[in-house]
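**Student:** This is run_4.cif (mmCIF, C-alpha atoms).
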```cif
data_final
loop_
_atom_site.group_PDB
_atom_site.id
_atom_site.type_symbol
_atom_site.label_atom_id
_atom_site.label_comp_id
_atom_site.auth_asym_id
_atom_site.auth_seq_id
_atom_site.Cartn_x
_atom_site.Cartn_y
_atom_site.Cartn_z
ATOM 1 C CA MET L 1 83.796 58.973 111.600
ATOM 2 C CA ALA L 2 82.646 58.307 107.982
ATOM 3 C CA LEU L 3 85.559 58.791 105.583
ATOM 4 C CA PRO L 4 84.937 60.384 102.148
ATOM 5 C CA LEU L 5 85.284 57.979 99.235
ATOM 6 C CA LEU L 6 88.347 59.829 97.933
ATOM 7 C CA LEU L 7 90.279 59.057 101.098
ATOM 8 C CA LEU L 8 89.524 55.373 100.624
ATOM 9 C CA GLY L 9 91.109 55.277 97.170
ATOM 10 C CA CYS L 10 89.746 53.635 94.083
ATOM 11 C CA HIS L 11 87.550 50.884 95.496
ATOM 12 C CA GLU L 12 86.425 47.705 93.814
ATOM 13 C CA CYS L 13 83.205 47.491 91.823
ATOM 14 C CA LYS L 14 80.464 46.868 94.396
ATOM 15 C CA LEU L 15 76.996 47.870 95.587
ATOM 16 C CA ARG L 16 76.436 51.295 97.100
ATOM 17 C CA GLU L 17 73.156 52.772 98.254
ATOM 18 C CA ASN L 18 71.755 55.450 95.939
ATOM 19 C CA LYS L 19 70.594 58.089 98.437
ATOM 20 C CA TYR L 20 68.617 60.026 95.807
ATOM 21 C CA PHE L 21 66.237 57.229 94.851
ATOM 22 C CA SER L 22 66.205 55.331 98.156
ATOM 23 C CA LYS L 23 63.214 55.634 100.446
ATOM 24 C CA PRO L 24 62.880 54.492 104.066
ATOM 25 C CA GLY L 25 62.279 50.762 103.952
ATOM 26 C CA THR L 26 62.980 50.473 100.212
ATOM 27 C CA PRO L 27 66.660 51.236 99.560
ATOM 28 C CA ILE L 28 67.913 51.345 95.994
ATOM 29 C CA PHE L 29 71.435 50.095 95.359
ATOM 30 C CA GLN L 30 73.690 50.811 92.386
ATOM 31 C CA CYS L 31 77.010 49.413 91.228
ATOM 32 C CA VAL L 32 79.957 51.777 91.645
ATOM 33 C CA GLY L 33 83.686 51.143 91.565
ATOM 34 C CA CYS L 34 86.914 50.961 89.639
ATOM 35 C CA CYS L 35 87.565 48.633 86.713
ATOM 36 C CA PHE L 36 90.594 47.987 84.535
ATOM 37 C CA SER L 37 91.072 49.407 81.052
ATOM 38 C CA ARG L 38 93.988 50.015 78.702
ATOM 39 C CA ALA L 39 94.815 51.627 75.359
ATOM 40 C CA TYR L 40 97.701 50.819 73.026
ATOM 41 C CA PRO L 41 98.789 51.187 69.369
ATOM 42 C CA THR L 42 96.728 48.902 67.129
ATOM 43 C CA PRO L 43 98.768 45.973 65.756
ATOM 44 C CA LEU L 44 98.830 45.752 61.945
ATOM 45 C CA ARG L 45 97.081 42.391 61.942
ATOM 46 C CA SER L 46 94.187 43.841 63.950
ATOM 47 C CA LYS L 47 93.985 46.897 61.678
ATOM 48 C CA LYS L 48 93.462 44.635 58.687
ATOM 49 C CA THR L 49 90.305 43.222 60.268
ATOM 50 C CA MET L 50 88.796 46.669 60.963
ATOM 51 C CA LEU L 51 86.164 48.090 58.639
ATOM 52 C CA VAL L 52 87.544 51.543 59.480
ATOM 53 C CA PRO L 53 91.166 51.101 60.660
ATOM 54 C CA LYS L 54 92.021 52.961 63.850
ATOM 55 C CA ASN L 55 95.515 53.729 65.180
ATOM 56 C CA ILE L 56 94.698 53.115 68.846
ATOM 57 C CA THR L 57 92.920 50.144 70.417
ATOM 58 C CA SER L 58 91.064 50.607 73.698
ATOM 59 C CA GLU L 59 90.114 47.617 75.817
ATOM 60 C CA ALA L 60 87.873 48.645 78.678
ATOM 61 C CA THR L 61 85.668 47.255 81.408
ATOM 62 C CA CYS L 62 83.144 49.196 83.470
ATOM 63 C CA CYS L 63 81.357 48.602 86.768
ATOM 64 C CA VAL L 64 77.892 47.330 85.772
ATOM 65 C CA ALA L 65 75.057 45.358 87.338
ATOM 66 C CA LYS L 66 75.388 41.591 87.100
ATOM 67 C CA ASP L 67 71.874 41.199 88.419
ATOM 68 C CA PHE L 68 69.074 43.579 89.345
ATOM 69 C CA LYS L 69 65.380 43.804 90.217
ATOM 70 C CA ARG L 70 62.984 46.192 88.529
ATOM 71 C CA VAL L 71 61.241 48.634 90.820
ATOM 72 C CA ASN L 72 58.167 50.658 89.875
ATOM 73 C CA ARG L 73 57.721 53.866 91.806
ATOM 74 C CA ILE L 74 54.031 54.335 91.120
ATOM 75 C CA GLU L 75 53.898 57.309 93.465
ATOM 76 C CA ASN L 76 56.526 59.056 91.327
ATOM 77 C CA ALA L 77 54.734 59.074 87.960
ATOM 78 C CA ASN L 78 55.405 55.367 87.551
ATOM 79 C CA LEU L 79 59.168 55.832 87.619
ATOM 80 C CA LYS L 80 60.931 52.645 86.508
ATOM 81 C CA LEU L 81 64.156 51.942 88.378
ATOM 82 C CA GLU L 82 66.694 49.155 88.576
ATOM 83 C CA ASN L 83 67.710 48.016 92.044
ATOM 84 C CA HIS L 84 71.116 46.392 91.524
ATOM 85 C CA THR L 85 71.782 43.204 93.500
ATOM 86 C CA ASP L 86 75.179 42.114 92.172
ATOM 87 C CA CYS L 87 78.033 43.885 90.370
ATOM 88 C CA HIS L 88 80.997 43.076 88.166
ATOM 89 C CA CYS L 89 83.472 44.650 85.756
ATOM 90 C CA SER L 90 82.129 43.984 82.278
ATOM 91 C CA THR L 91 81.412 45.548 78.888
ATOM 92 C CA CYS L 92 81.171 49.334 78.695
ATOM 93 C CA TYR L 93 78.352 50.778 76.568
ATOM 94 C CA TYR L 94 78.466 54.497 77.327
ATOM 95 C CA HIS L 95 82.158 55.294 76.990
ATOM 96 C CA LYS L 96 82.375 56.290 73.338
ATOM 97 C CA PHE L 97 82.008 59.675 71.669
ATOM 98 C CA MET T 1 101.427 61.123 117.865
ATOM 99 C CA ALA T 2 100.073 58.025 116.116
ATOM 100 C CA SER T 3 96.820 59.856 115.299
ATOM 101 C CA VAL T 4 98.790 62.806 113.858
ATOM 102 C CA LEU T 5 100.790 60.448 111.639
ATOM 103 C CA PHE T 6 97.593 58.651 110.555
ATOM 104 C CA CYS T 7 95.982 61.981 109.580
ATOM 105 C CA PHE T 8 99.119 62.973 107.633
ATOM 106 C CA VAL T 9 99.034 59.716 105.645
ATOM 107 C CA LEU T 10 95.333 60.182 104.915
ATOM 108 C CA LEU T 11 95.871 63.771 103.731
ATOM 109 C CA CYS T 12 98.679 62.628 101.415
ATOM 110 C CA TRP T 13 96.457 59.892 100.034
ATOM 111 C CA ALA T 14 93.626 62.399 99.533
ATOM 112 C CA ALA T 15 95.957 64.565 97.437
ATOM 113 C CA VAL T 16 96.281 61.725 94.908
ATOM 114 C CA PRO T 17 93.381 61.781 92.418
ATOM 115 C CA CYS T 18 91.270 58.667 92.118
ATOM 116 C CA ASN T 19 92.364 58.085 88.518
ATOM 117 C CA ALA T 20 96.062 58.119 89.449
ATOM 118 C CA SER T 21 96.264 54.430 88.658
ATOM 119 C CA CYS T 22 95.399 55.175 84.987
ATOM 120 C CA ALA T 23 98.963 55.869 83.951
ATOM 121 C CA LEU T 24 101.681 55.437 81.355
ATOM 122 C CA GLU T 25 102.917 51.888 80.904
ATOM 123 C CA ASN T 26 106.071 50.780 79.100
ATOM 124 C CA ILE T 27 105.268 48.146 76.477
ATOM 125 C CA THR T 28 106.976 46.459 73.527
ATOM 126 C CA ILE T 29 105.059 46.308 70.252
ATOM 127 C CA GLY T 30 105.942 44.537 67.036
ATOM 128 C CA ILE T 31 106.157 46.820 64.012
ATOM 129 C CA GLU T 32 105.640 45.082 60.696
ATOM 130 C CA LYS T 33 104.462 45.850 57.210
ATOM 131 C CA ASP T 34 103.226 43.746 54.334
ATOM 132 C CA GLY T 35 106.124 42.865 52.091
ATOM 133 C CA CYS T 36 108.855 43.669 54.617
ATOM 134 C CA ARG T 37 110.546 40.555 55.947
ATOM 135 C CA ASN T 38 111.225 41.566 59.530
ATOM 136 C CA CYS T 39 109.035 42.367 62.491
ATOM 137 C CA VAL T 40 110.799 45.034 64.566
ATOM 138 C CA PRO T 41 110.196 45.141 68.332
ATOM 139 C CA VAL T 42 109.833 48.710 69.567
ATOM 140 C CA ASN T 43 109.624 50.044 73.114
ATOM 141 C CA THR T 44 106.893 52.620 73.545
ATOM 142 C CA THR T 45 104.356 53.864 76.093
ATOM 143 C CA SER T 46 100.665 53.098 76.351
ATOM 144 C CA CYS T 47 97.985 53.644 79.006
ATOM 145 C CA ALA T 48 96.631 51.171 81.525
ATOM 146 C CA GLY T 49 94.956 51.281 84.915
ATOM 147 C CA VAL T 50 91.617 51.566 86.667
ATOM 148 C CA CYS T 51 88.936 54.244 86.417
ATOM 149 C CA LEU T 52 85.885 54.903 88.555
ATOM 150 C CA THR T 53 82.592 54.019 86.841
ATOM 151 C CA GLN T 54 79.028 53.433 87.947
ATOM 152 C CA ALA T 55 75.872 51.868 86.559
ATOM 153 C CA GLU T 56 72.690 53.925 86.372
ATOM 154 C CA VAL T 57 69.573 52.860 88.266
ATOM 155 C CA TYR T 58 67.317 55.142 86.187
ATOM 156 C CA LYS T 59 67.700 54.712 82.452
ATOM 157 C CA SER T 60 66.483 57.667 80.468
ATOM 158 C CA SER T 61 66.637 58.276 76.727
ATOM 159 C CA ILE T 62 67.819 61.823 77.384
ATOM 160 C CA SER T 63 70.355 60.836 80.022
ATOM 161 C CA LEU T 64 73.881 62.225 79.694
ATOM 162 C CA TYR T 65 75.330 59.166 81.416
ATOM 163 C CA THR T 66 78.933 58.430 80.429
ATOM 164 C CA GLN T 67 81.536 55.905 81.491
ATOM 165 C CA LEU T 68 85.205 56.836 81.768
ATOM 166 C CA VAL T 69 88.010 54.521 80.664
ATOM 167 C CA CYS T 70 91.804 54.696 80.763
ATOM 168 C CA THR T 71 92.887 56.191 77.449
ATOM 169 C CA PHE T 72 95.508 58.374 75.745
ATOM 170 C CA LYS T 73 95.443 62.049 76.684
ATOM 171 C CA GLU T 74 98.446 63.502 74.834
ATOM 172 C CA ILE T 75 99.725 61.619 71.800
ATOM 173 C CA ALA T 76 102.924 61.769 69.782
ATOM 174 C CA TYR T 77 103.280 59.996 66.460
ATOM 175 C CA VAL T 78 106.578 58.161 65.996
ATOM 176 C CA THR T 79 107.902 57.039 62.617
ATOM 177 C CA VAL T 80 110.316 54.126 62.288
ATOM 178 C CA GLN T 81 112.008 52.620 59.253
ATOM 179 C CA LEU T 82 111.667 48.894 58.742
ATOM 180 C CA PRO T 83 114.662 46.970 57.386
ATOM 181 C CA ASN T 84 114.628 44.546 54.473
ATOM 182 C CA CYS T 85 111.704 46.021 52.599
ATOM 183 C CA PRO T 86 111.397 45.652 48.805
ATOM 184 C CA GLU T 87 111.870 48.773 46.719
ATOM 185 C CA HIS T 88 108.191 49.106 45.892
ATOM 186 C CA VAL T 89 107.190 49.080 49.589
ATOM 187 C CA ASP T 90 107.342 52.239 51.731
ATOM 188 C CA PRO T 91 109.607 51.162 54.643
ATOM 189 C CA PHE T 92 108.327 53.797 57.061
ATOM 190 C CA TYR T 93 105.682 53.017 59.661
ATOM 191 C CA THR T 94 104.028 55.539 61.974
ATOM 192 C CA TYR T 95 102.435 54.592 65.296
ATOM 193 C CA PRO T 96 100.963 56.571 68.216
ATOM 194 C CA MET T 97 102.841 56.873 71.507
ATOM 195 C CA ALA T 98 101.110 57.990 74.698
ATOM 196 C CA LEU T 99 102.654 61.050 76.384
ATOM 197 C CA SER T 100 100.031 61.139 79.118
ATOM 198 C CA CYS T 101 96.893 59.237 80.107
ATOM 199 C CA GLN T 102 93.495 60.049 81.562
ATOM 200 C CA CYS T 103 90.211 58.526 82.632
ATOM 201 C CA GLY T 104 88.057 59.854 79.806
ATOM 202 C CA GLN T 105 85.732 58.871 77.027
ATOM 203 C CA CYS T 106 86.939 56.778 74.111
ATOM 204 C CA ASP T 107 87.337 58.910 70.997
ATOM 205 C CA THR T 108 86.038 56.853 68.064
ATOM 206 C CA ASP T 109 87.724 59.174 65.536
ATOM 207 C CA TYR T 110 91.029 57.392 66.072
ATOM 208 C CA THR T 111 90.324 54.671 68.640
ATOM 209 C CA ASP T 112 88.795 51.224 68.271
ATOM 210 C CA CYS T 113 86.728 51.066 71.470
ATOM 211 C CA GLY T 114 86.160 47.513 72.634
ATOM 212 C CA THR T 115 86.350 45.155 75.563
ATOM 213 C CA LEU T 116 89.267 43.224 77.096
ATOM 214 C CA SER T 117 91.088 41.081 74.559
ATOM 215 C CA LEU T 118 94.616 39.837 73.928
ATOM 216 C CA GLY T 119 96.325 43.173 74.463
ATOM 217 C CA PRO T 120 99.295 44.594 72.544
ATOM 218 C CA SER T 121 101.443 42.131 70.609
ATOM 219 C CA ASP T 122 105.199 42.060 70.128
ATOM 220 C CA CYS T 123 107.141 40.214 67.455
ATOM 221 C CA SER T 124 107.527 37.042 69.534
ATOM 222 C CA SER T 125 103.764 36.443 69.564
ATOM 223 C CA GLN T 126 103.378 36.905 65.830
ATOM 224 C CA GLU T 127 103.776 34.007 63.428
ATOM 225 C CA ASN T 128 105.956 34.623 60.360
#
```
Let me see the file written as structure tokens.

**Tutor:**
Amino acid sequence: MALPLLLLGCHECKLRENKYFSKPGTPIFQCVGCCFSRAYPTPLRSKKTMLVPKNITSEATCCVAKDFKRVNRIENANLKLENHTDCHCSTCYYHKF
Amino acid sequence: MASVLFCFVLLCWAAVPCNASCALENITIGIEKDGCRNCVPVNTTSCAGVCLTQAEVYKSSISLYTQLVCTFKEIAYVTVQLPNCPEHVDPFYTYPMALSCQCGQCDTDYTDCGTLSLGPSDCSSQEN
């Protein structure tokens, strides 16, 4: 019986098949998983180095591809995809607003 | 009987949200101010833990892709008075204390959003 992801808890950052973009014989994998992050009051010495001082400091990592291969889906209007081959917890780029 | 117990444990685990590990953490921070002689260690709460994120395989300029990180949800601002400050220096210092945490986006209005570094510092790690 295949267990839903939720029942398995917060799993490590690793490859998972992307069912939407995968085709028979040419699976596409993406990096998914949990990574560590924290937020705490900014120390005074750090505030002094900030161009715009902020009261809270966030240090975060996100599950991203360590390595990937580019895939061109010519049959889908030349759709350019990334097929991830290795994952790790590293710099987040899409977490700010 | 063993299968019933196993299902019960799984159901309990399913009731816990995936971001449950992003939670309040007790920390000690060093409060100091220019001109005041002493660094005062203060116990407060911050947020730490893991959040579920994923990397996109299709990168689009109009994509609404976001990554969630462990951050403050509800905040209280606490004011403390530093001892041994000269008369011309305001002895009061205000800092944020986390009341609750969440896996969410990093609000750049009041948060410096970066990558893993040295973490919070207390008075013992600061040079006088």

**Student:** Can you build me a table of chain T residues sitting at most 6 Å from chain L, with the closest atom pair per residue and its distance in Å to one decimal, using all atoms listed in the file, sorted by chain and residue number, as a tab-separated table?

**Tutor:**
```
residue	atom	partner	partner_atom	distance
T:Ala14	CA	L:Leu7	CA	5.0
T:Cys18	CA	L:Cys10	CA	5.6
T:Ser46	CA	L:Tyr40	CA	5.0
T:Cys47	CA	L:Ala39	CA	5.2
T:Ala48	CA	L:Arg38	CA	4.0
T:Gly49	CA	L:Phe36	CA	5.5
T:Val50	CA	L:Phe36	CA	4.3
T:Cys51	CA	L:Cys34	CA	5.0
T:Leu52	CA	L:Cys34	CA	4.2
T:Thr53	CA	L:Cys63	CA	5.6
T:Gln54	CA	L:Val32	CA	4.2
T:Ala55	CA	L:Val64	CA	5.0
T:Val57	CA	L:Glu82	CA	4.7
T:Tyr58	CA	L:Leu81	CA	5.0
T:Thr66	CA	L:Tyr94	CA	5.0
T:Gln67	CA	L:His95	CA	4.6
T:Leu68	CA	L:His95	CA	5.9
T:Val69	CA	L:Ser37	CA	6.0
T:Cys70	CA	L:Ser37	CA	5.3
T:Thr71	CA	L:Ala39	CA	5.4
T:Pro96	CA	L:Pro41	CA	5.9
T:Gln105	CA	L:His95	CA	5.1
T:Cys106	CA	L:Lys96	CA	4.7
T:Asp107	CA	L:Phe97	CA	5.4
T:Tyr110	CA	L:Lys54	CA	5.1
T:Thr111	CA	L:Ile56	CA	4.6
T:Asp112	CA	L:Thr57	CA	4.8
T:Cys113	CA	L:Ser58	CA	4.9
T:Gly114	CA	L:Glu59	CA	5.1
T:Thr115	CA	L:Glu59	CA	4.5
T:Leu116	CA	L:Glu59	CA	4.7
```

**Student:** Keeping C-alpha atoms, export the residues of the selection given above as an mmCIF file, in the frame of the given file.

**Tutor:**
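Once everything was written out, this is part_26.cif:
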```
data_model
loop_
_atom_site.group_PDB
_atom_site.id
_atom_site.type_symbol
_atom_site.label_atom_id
_atom_site.label_comp_id
_atom_site.auth_asym_id
_atom_site.auth_seq_id
_atom_site.Cartn_x
_atom_site.Cartn_y
_atom_site.Cartn_z
ATOM 1 C CA ALA T 14 93.626 62.399 99.533
ATOM 2 C CA CYS T 18 91.270 58.667 92.118
ATOM 3 C CA SER T 46 100.665 53.098 76.351
ATOM 4 C CA CYS T 47 97.985 53.644 79.006
ATOM 5 C CA ALA T 48 96.631 51.171 81.525
ATOM 6 C CA GLY T 49 94.956 51.281 84.915
ATOM 7 C CA VAL T 50 91.617 51.566 86.667
ATOM 8 C CA CYS T 51 88.936 54.244 86.417
ATOM 9 C CA LEU T 52 85.885 54.903 88.555
ATOM 10 C CA THR T 53 82.592 54.019 86.841
ATOM 11 C CA GLN T 54 79.028 53.433 87.947
ATOM 12 C CA ALA T 55 75.872 51.868 86.559
ATOM 13 C CA VAL T 57 69.573 52.860 88.266
ATOM 14 C CA TYR T 58 67.317 55.142 86.187
ATOM 15 C CA THR T 66 78.933 58.430 80.429
ATOM 16 C CA GLN T 67 81.536 55.905 81.491
ATOM 17 C CA LEU T 68 85.205 56.836 81.768
ATOM 18 C CA VAL T 69 88.010 54.521 80.664
ATOM 19 C CA CYS T 70 91.804 54.696 80.763
ATOM 20 C CA THR T 71 92.887 56.191 77.449
ATOM 21 C CA PRO T 96 100.963 56.571 68.216
ATOM 22 C CA GLN T 105 85.732 58.871 77.027
ATOM 23 C CA CYS T 106 86.939 56.778 74.111
ATOM 24 C CA ASP T 107 87.337 58.910 70.997
ATOM 25 C CA TYR T 110 91.029 57.392 66.072
ATOM 26 C CA THR T 111 90.324 54.671 68.640
ATOM 27 C CA ASP T 112 88.795 51.224 68.271
ATOM 28 C CA CYS T 113 86.728 51.066 71.470
ATOM 29 C CA GLY T 114 86.160 47.513 72.634
ATOM 30 C CA THR T 115 86.350 45.155 75.563
ATOM 31 C CA LEU T 116 89.267 43.224 77.096
#
```

**Student:** Using the chain letters and numbers from the file, give me the residues hit by the PyMOL selection byres ((chain T and resi 24) around 8), as a list in words.

**Tutor:**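 Expected selection for the PyMOL selection byres ((chain T and resi 24) around 8) here is Cys22, Ala23, Glu25, Asn26, Thr45, Ser46, Cys47, Ala48, Ala98, Leu99, Ser100 and Cys101 of chain T.
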
**Student:** CA of Phe72 in chain T and CA of Cys36 in chain T, how far apart in Å?

**Tutor:**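 Separation of CA of Cys36 in chain T and CA of Phe72 in chain T: 29.0 Å.
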
**Student:** In Å, how far is it from CA of Gly35 in chain T to CA of Asp109 in chain T?

**Tutor:**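 So the answer is 28.0 Å.
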
**Student:** Smallest atom-to-atom distance to Pro83 in chain T: which of T:Asn38, T:Ser21, T:Thr28, T:Lys33, using all atoms listed in the file?

**Tutor:**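 Under the stated criterion, the closest residue is T:Asn38.
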
**Student:** Mind pulling up the distance from CA of Glu74 in chain T to CA of Gly104 in chain T?

**Tutor:** 12.1 Å

**Student:** Here's the selection I'm unsure about, the PyMOL selection byres ((chain T and resi 121) around 7); applied to the file above, which residues does it give, as a PyMOL selection string?

**Tutor:** (chain L and resi 43) or (chain T and resi 29-30+119-120+122-123+125)

**Student:** What's the 8 Å shell around Leu82 in chain T, counting only C-alpha atoms, without same-chain residues fewer than 4 positions away, as a PyMOL selection string?

**Tutor:** chain T and resi 31-33+36+38-40+91-93

**Student:** Filtering to all heavy atoms, could range 85-95 of chain T of the supplied structure be written out as a PDB file, in the first residue's frame?

**Tutor:**
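Printed below is decode.pdb as written:
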```
ATOM      1  N   CYS T  85      24.520  52.913  31.871  1.00  0.00           N
ATOM      2  CA  CYS T  85      24.573  53.707  30.649  1.00  0.00           C
ATOM      3  C   CYS T  85      24.800  55.171  31.006  1.00  0.00           C
ATOM      4  O   CYS T  85      24.252  55.659  31.999  1.00  0.00           O
ATOM      5  CB  CYS T  85      23.264  53.578  29.870  1.00  0.00           C
ATOM      6  SG  CYS T  85      22.951  51.927  29.219  1.00  0.00           S
ATOM      7  N   PRO T  86      25.596  55.900  30.236  1.00  0.00           N
ATOM      8  CA  PRO T  86      25.784  57.332  30.506  1.00  0.00           C
ATOM      9  C   PRO T  86      24.467  58.077  30.388  1.00  0.00           C
ATOM     10  O   PRO T  86      23.517  57.598  29.753  1.00  0.00           O
ATOM     11  CB  PRO T  86      26.768  57.777  29.414  1.00  0.00           C
ATOM     12  CG  PRO T  86      27.301  56.544  28.806  1.00  0.00           C
ATOM     13  CD  PRO T  86      26.336  55.433  29.067  1.00  0.00           C
ATOM     14  N   GLU T  87      24.433  59.273  30.940  1.00  0.00           N
ATOM     15  CA  GLU T  87      23.186  60.044  30.965  1.00  0.00           C
ATOM     16  C   GLU T  87      22.689  60.396  29.576  1.00  0.00           C
ATOM     17  O   GLU T  87      21.492  60.496  29.341  1.00  0.00           O
ATOM     18  CB  GLU T  87      23.379  61.313  31.793  1.00  0.00           C
ATOM     19  CG  GLU T  87      23.310  61.042  33.281  1.00  0.00           C
ATOM     20  CD  GLU T  87      23.391  62.320  34.100  1.00  0.00           C
ATOM     21  OE1 GLU T  87      23.295  63.408  33.508  1.00  0.00           O
ATOM     22  OE2 GLU T  87      23.559  62.209  35.320  1.00  0.00           O
ATOM     23  N   HIS T  88      23.601  60.612  28.645  1.00  0.00           N
ATOM     24  CA  HIS T  88      23.190  61.042  27.313  1.00  0.00           C
ATOM     25  C   HIS T  88      22.753  59.867  26.428  1.00  0.00           C
ATOM     26  O   HIS T  88      22.357  60.068  25.278  1.00  0.00           O
ATOM     27  CB  HIS T  88      24.339  61.801  26.632  1.00  0.00           C
ATOM     28  CG  HIS T  88      25.545  60.947  26.393  1.00  0.00           C
ATOM     29  ND1 HIS T  88      26.498  60.697  27.353  1.00  0.00           N
ATOM     30  CD2 HIS T  88      25.944  60.283  25.285  1.00  0.00           C
ATOM     31  CE1 HIS T  88      27.438  59.920  26.853  1.00  0.00           C
ATOM     32  NE2 HIS T  88      27.129  59.641  25.600  1.00  0.00           N
ATOM     33  N   VAL T  89      22.817  58.652  26.944  1.00  0.00           N
ATOM     34  CA  VAL T  89      22.437  57.467  26.166  1.00  0.00           C
ATOM     35  C   VAL T  89      21.110  56.923  26.687  1.00  0.00           C
ATOM     36  O   VAL T  89      20.936  56.729  27.896  1.00  0.00           O
ATOM     37  CB  VAL T  89      23.515  56.360  26.272  1.00  0.00           C
ATOM     38  CG1 VAL T  89      23.044  55.086  25.576  1.00  0.00           C
ATOM     39  CG2 VAL T  89      24.829  56.847  25.673  1.00  0.00           C
ATOM     40  N   ASP T  90      20.162  56.683  25.776  1.00  0.00           N
ATOM     41  CA  ASP T  90      18.879  56.078  26.133  1.00  0.00           C
ATOM     42  C   ASP T  90      19.122  54.630  26.558  1.00  0.00           C
ATOM     43  O   ASP T  90      19.569  53.813  25.743  1.00  0.00           O
ATOM     44  CB  ASP T  90      17.945  56.120  24.903  1.00  0.00           C
ATOM     45  CG  ASP T  90      16.596  55.463  25.174  1.00  0.00           C
ATOM     46  OD1 ASP T  90      16.320  55.102  26.334  1.00  0.00           O
ATOM     47  OD2 ASP T  90      15.816  55.323  24.212  1.00  0.00           O
ATOM     48  N   PRO T  91      18.845  54.276  27.832  1.00  0.00           N
ATOM     49  CA  PRO T  91      19.194  52.927  28.311  1.00  0.00           C
ATOM     50  C   PRO T  91      18.231  51.826  27.866  1.00  0.00           C
ATOM     51  O   PRO T  91      18.469  50.666  28.133  1.00  0.00           O
ATOM     52  CB  PRO T  91      19.154  53.096  29.841  1.00  0.00           C
ATOM     53  CG  PRO T  91      18.108  54.142  30.052  1.00  0.00           C
ATOM     54  CD  PRO T  91      18.237  55.083  28.887  1.00  0.00           C
ATOM     55  N   PHE T  92      17.154  52.192  27.202  1.00  0.00           N
ATOM     56  CA  PHE T  92      16.142  51.200  26.852  1.00  0.00           C
ATOM     57  C   PHE T  92      16.422  50.605  25.477  1.00  0.00           C
ATOM     58  O   PHE T  92      16.791  51.306  24.543  1.00  0.00           O
ATOM     59  CB  PHE T  92      14.736  51.805  26.878  1.00  0.00           C
ATOM     60  CG  PHE T  92      14.321  52.234  28.260  1.00  0.00           C
ATOM     61  CD1 PHE T  92      14.447  53.558  28.668  1.00  0.00           C
ATOM     62  CD2 PHE T  92      13.837  51.302  29.168  1.00  0.00           C
ATOM     63  CE1 PHE T  92      14.094  53.949  29.945  1.00  0.00           C
ATOM     64  CE2 PHE T  92      13.471  51.687  30.443  1.00  0.00           C
ATOM     65  CZ  PHE T  92      13.606  53.011  30.843  1.00  0.00           C
ATOM     66  N   TYR T  93      16.229  49.301  25.392  1.00  0.00           N
ATOM     67  CA  TYR T  93      16.431  48.578  24.131  1.00  0.00           C
ATOM     68  C   TYR T  93      15.230  47.678  23.877  1.00  0.00           C
ATOM     69  O   TYR T  93      14.784  46.967  24.777  1.00  0.00           O
ATOM     70  CB  TYR T  93      17.714  47.733  24.207  1.00  0.00           C
ATOM     71  CG  TYR T  93      18.065  47.037  22.925  1.00  0.00           C
ATOM     72  CD1 TYR T  93      18.856  47.657  21.961  1.00  0.00           C
ATOM     73  CD2 TYR T  93      17.597  45.754  22.647  1.00  0.00           C
ATOM     74  CE1 TYR T  93      19.181  47.028  20.778  1.00  0.00           C
ATOM     75  CE2 TYR T  93      17.909  45.124  21.468  1.00  0.00           C
ATOM     76  CZ  TYR T  93      18.703  45.758  20.534  1.00  0.00           C
ATOM     77  OH  TYR T  93      19.018  45.128  19.359  1.00  0.00           O
ATOM     78  N   THR T  94      14.709  47.729  22.671  1.00  0.00           N
ATOM     79  CA  THR T  94      13.527  46.939  22.307  1.00  0.00           C
ATOM     80  C   THR T  94      13.919  45.873  21.297  1.00  0.00           C
ATOM     81  O   THR T  94      14.617  46.158  20.322  1.00  0.00           O
ATOM     82  CB  THR T  94      12.426  47.842  21.721  1.00  0.00           C
ATOM     83  OG1 THR T  94      12.080  48.837  22.691  1.00  0.00           O
ATOM     84  CG2 THR T  94      11.179  47.028  21.400  1.00  0.00           C
ATOM     85  N   TYR T  95      13.471  44.641  21.536  1.00  0.00           N
ATOM     86  CA  TYR T  95      13.778  43.543  20.613  1.00  0.00           C
ATOM     87  C   TYR T  95      12.516  42.716  20.390  1.00  0.00           C
ATOM     88  O   TYR T  95      11.615  42.700  21.222  1.00  0.00           O
ATOM     89  CB  TYR T  95      14.913  42.667  21.165  1.00  0.00           C
ATOM     90  CG  TYR T  95      14.577  41.950  22.454  1.00  0.00           C
ATOM     91  CD1 TYR T  95      14.010  40.680  22.450  1.00  0.00           C
ATOM     92  CD2 TYR T  95      14.825  42.559  23.686  1.00  0.00           C
ATOM     93  CE1 TYR T  95      13.686  40.028  23.624  1.00  0.00           C
ATOM     94  CE2 TYR T  95      14.499  41.919  24.867  1.00  0.00           C
ATOM     95  CZ  TYR T  95      13.943  40.660  24.837  1.00  0.00           C
ATOM     96  OH  TYR T  95      13.613  40.023  26.015  1.00  0.00           O
TER      97      TYR T  95
END
```
